[in-house]
Amino acid sequence: MSSPKRPHLLYVAWGFPPSRGAGVYRALATANAFVEAGWKVTVLTATREVFEYQTGTDIELELKVDPRLDIVRAPFSWVRGEPDLAKWSRMRIASNLLWSFARAKSDRLAFPEPVYGGWKHALLKETDRIHKSDPVDLVIGTANPNVDFVPGWHLHKTAGVPYVMDYRDTWHLNVYTDTFVGSRFSRSARLEKKLLGSAAEVWFVNAPIRDWHAENYPEGSERFRVVANAFDADFAQAFAGISKPTRSPADGLVFGYLGTIYGPMPLRESLEGWRIARSRSELVRNSRFEIHGRLGHYAEPDPAILALLKEYAGDGVSYEGPVSKTAVADKYKSFDALMLILGRSKYVTSGKVFEYAASGLPIASLHHPETACTSILTGHQDWFPVPDLLPESISETILKAAQRAAVMTPGDYARNQAWADHLSRDKQLQPRIGHLTELVAEANRG
Amino acid sequence: MDEPLNVVIVVGSRSVPEQLFRSALGEASPHSALSRASGRDVRVSLLSLLPASGGPEISAAHAVSPSRTPLLDRVLAALPLTRIEAVLSKSPLGRLLLSLGPTDPSRVFWRAVQADPAAMAILASADVLLAADLPAVRTAWQTLRAGKVAEAYFGLQAAEKVFAARFRHTQPAA
């Protein structure tokens with residue numbers, strides 16, 4: 001007797017290892033989780049050279065890709081800077097300006113999304129080929145870019161395949177200004193409405209974002225779910241039994257920030273607060289503040305942010321560069337306390353909030369209280385939020401976190417880790433995988 | 001043992017090459033940045049519009065000096081183009097027209113290079129051409145299209161990544 005056919009998931013993610021973009025971890029974890037649950041998983045992503053030449057790569061992260069995944073790479077051409085001149089057309093050489101203009105128009109014609117819209121054609125070509133060789137039972141597209149949603153919509157229209165839209169980000173919600181991006185009657189807004197209305201499920205990273213979409217796109221909102229960014233179980237295990245890093249009193253403490261710095265984050269206010277705290281406490285004066293991660297979204301550090309950090313180099317602030325995902329847990333363990341710096345938004349949680357929580361370390365939350373991660377961290381016993389973003393208030397919070405970090409015991413870390421268990425990736429993904437497995441099985445039976 | 005990779009960096013604008021290098025690569029010289037990225041010995045030559053030493057690790061530096069000014073450039077020099085260009089450059093359509101015309105810097109540079117046999121010889125000696133700025137792109141692209149060089153890339157920052165990916169190891173099949 002032959003075993004029943006494994007359900008086939010087509011997982012569409014522009015950014016997938018070796019890309020080191022912020023959204024990669026969720027994509028990797030989701031694809032791995034489905035294959036672990038017995039699905040055949042084909043990942044449709046961009047070509048390696050896009051990441052090698054443009055975003056930067058994390059080769060160690062690629063080692064975490066489950067070898068049972070089939071990876072299909074659809075060619076993606078980036079307007080911003082294709083370095084290989086063999087790929088420059090005669091028209092581009094004739095006038096790079098004219099070519100860029102025409103390319104932007106053509107991209108938007110294919111799909112209403114700057115830069116990525118032109119990828120639609122390559123995506124659909126590969127989608128049809130994959131579906132023809134081994135019929136797909138479910139498509140999950142993770143965005144942004146939003147063009148990742150297209151294969152699901154396409155197979156739904158042409159073959160009745162259900163699809164899931166996984167919003168790591170938002171399409172028409174500006175999470176910082178709480179406004180609708182563009183016109184509600186624009187082509188892209190109409191498209192989003194259509195796609196949301198027919199999706200088998202739509203995943204959002206937190207309840208405020210889900211609720212905004214339910215309010216703005218009521219059709220199909222009963223299928224809107226929260227799948228928080230969460231942390232991986234093996235990541236949390238790395239912190240089991242940790243104790244305070246050993247340092248001499250003269251070395252003070254090490255505060256850490258680990259993540260991408262970009263956009264409207266209160267970085268200067270935080271650094272100023274740090275400077276004030278150092279002027280008021282010997283403990284903080286002897287301490288360091290290490291910033292790890294990327295500065296901006298591209299491989300090259302954003303020069304403006306780099307210059308800002310250099311202004312505070314004399315105050316024990318150092319920029320240490322990106323950290324491989326596989327080295328992240330060890331890096332956290334070298335810190336005494338964490339600085340959580342985020343832009344103000346009732347919609348922003350950020351993936352690092354979950355990692356911070358998993359570590360069990362004290363957290364100084366240097367973001368506006370309205371920011372969505374406030375609700376995530378409420379209940380953490382060594383969490384120190386700021387009442388406002390004045391440097392004076394930030395310095396007070398840093399001082400409190402420092403005092404607490406100096407006396408943490410292994411039992412304190414363990415208690416915080418136990419509290420954070422409800423934020424693990426398993427707890428977030430498993431119910432969805434279970435439901436979708438049932439949905440596909442039912443469709444195949446019926 | 002691998003032969004040194006012969007890299008020719010082309011600077012087609014009036015920027016000072018050393019400043020371009022510093023802006024793109026920081027304190028590292030092109031030689032050390034590309035050697036480190038590729039993990040192999042690299043010999044770097046420079047072809048530029050303005051005379052430059054390029055730095056101590058540049059094995060040869062040549063400023064383009066046409067044996068005689070191309071006819072078109074002599075005609076253009078006789079016309080009051082500066083004022084027309086100043087007007088056109090104020091609007092998107094004007095800039096587009098300029099990019100298609102004979103005074104576009106990449107065209108001016110390419111004409112000068114073609115009229116300089118030594119410059120053409122340097123280009124043909126390269127294993128890899130690196131166009132450091134947009135005015136150099138046409139020259140690198142034409143040389144590549146003519147089959148005089150095997151590979152040509154644009155951008156010094158991107159070049160570090162290209163060298164790491166392209167010359168350091170064999171990539172897994174895409």
# chains A, B, ... in the order shown; residues from 1 in each chain; ligands from 1

$ closest_atom_pairs --of "chain B" --to "chain A" --cutoff "7 Å" --atoms "only C-alpha atoms" --output "Markdown table"
| residue | atom | partner | partner_atom | distance |
| --- | --- | --- | --- | --- |
| B:Leu96 | CA | A:Leu97 | CA | 6.4 |
| B:Ser99 | CA | A:Ser95 | CA | 5.6 |
| B:Leu100 | CA | A:Ser95 | CA | 5.8 |
| B:Arg138 | CA | A:Ile93 | CA | 6.2 |
| B:Trp141 | CA | A:Leu85 | CA | 6.0 |
| B:Ala152 | CA | A:Leu85 | CA | 5.6 |
| B:Tyr153 | CA | A:Asp84 | CA | 4.7 |
| B:Phe154 | CA | A:Pro83 | CA | 4.7 |
| B:Gly155 | CA | A:Pro83 | CA | 6.5 |
| B:Ala158 | CA | A:Tyr53 | CA | 5.9 |
| B:Lys161 | CA | A:Tyr53 | CA | 5.4 |
| B:Val162 | CA | A:Tyr53 | CA | 6.1 |
| B:Ala165 | CA | A:Glu52 | CA | 6.7 |
| B:Ala174 | CA | A:Arg73 | CA | 6.4 |

$ select_by_dssp --residues "range 12-156 of chain B" --states "alpha helix (DSSP H)" --output "MDAnalysis selection string"
chainID B and resid 17:25 30:38 71:77 81:88 92:100 105:114 117:124 134:145 156

$ residues_around --residues "Ser15 in chain B" --least-positions-apart "5" --cutoff "10 Å" --atoms "only C-alpha atoms" --output "number ranges by chain"
B: 20, 48-50, 133

$ select_by_dssp --residues "range 322-412 of chain A" --states "strand (DSSP E)" --output "ChimeraX atom specification"
/A:337-341,363-366,383-385

$ closest_residue --among "A:Asn216, A:Asn174, A:Ser100, A:Asn444" --to "Pro4 in chain A" --atoms "only C-alpha atoms"
A:Asn444

$ residues_around --residues "Ala358 in chain A" --least-positions-apart "6" --cutoff "9 Å" --atoms "only C-alpha atoms" --output "list in words"
Phe231, Phe235, Ala236, Gln237, Phe239, Asn416, Gln417, Ala418, Trp419, Ala420, Asp421, Leu423 and Ser424 of chain A

$ residues_around --residues "Arg285 in chain A" --least-positions-apart "6" --cutoff "12 Å" --atoms "only C-alpha atoms" --output "list in words"
Pro249, Ala250, Asp251, Gly252, Leu253, Val254, Phe255, Trp274, Arg275, Ile276, Ala277, Arg278, Ser279, Gly314, Asp315, Gly316, Val317, Ile398, Leu399 and Ala402 of chain A

$ atom_distance --atom1 "CA of Leu28 in chain A" --atom2 "CA of Val440 in chain A"
21.7 Å

$ closest_residue --among "B:Glu3, B:Glu57, B:Glu85, B:Asp104" --to "Ser45 in chain B" --atoms "only C-alpha atoms"
B:Glu57

$ atom_distance --atom1 "CA of Lys244 in chain A" --atom2 "CA of Ile363 in chain A"
14.4 Å

$ residues_around --residues "Leu69 in chain A" --least-positions-apart "6" --cutoff "9 Å" --atoms "only C-alpha atoms" --output "MDAnalysis selection string"
chainID A and resid 31:32 35 40:43

$ residues_around --residues "Lys333 in chain A" --least-positions-apart "4" --cutoff "8 Å" --atoms "only C-alpha atoms" --output "compact mmCIF listing (two decimals) with C-alpha atoms, in the first residue's frame"
# COMPACT_ATOMS: atom_id res chain seq x y z
CA PHE A 239 19.88 30.51 27.68
CA ILE A 242 22.73 31.25 32.40
CA PRO A 245 28.72 37.41 33.03
CA ALA A 329 22.46 33.74 21.55
CA SER A 359 17.09 35.71 27.04

$ atom_distance --atom1 "CA of Pro362 in chain A" --atom2 "CA of Asp169 in chain A"
27.5 Å

$ closest_residue --among "A:Ala22, A:Val205, A:Leu61, A:Glu355" --to "Ala233 in chain A" --atoms "only C-alpha atoms"
A:Glu355
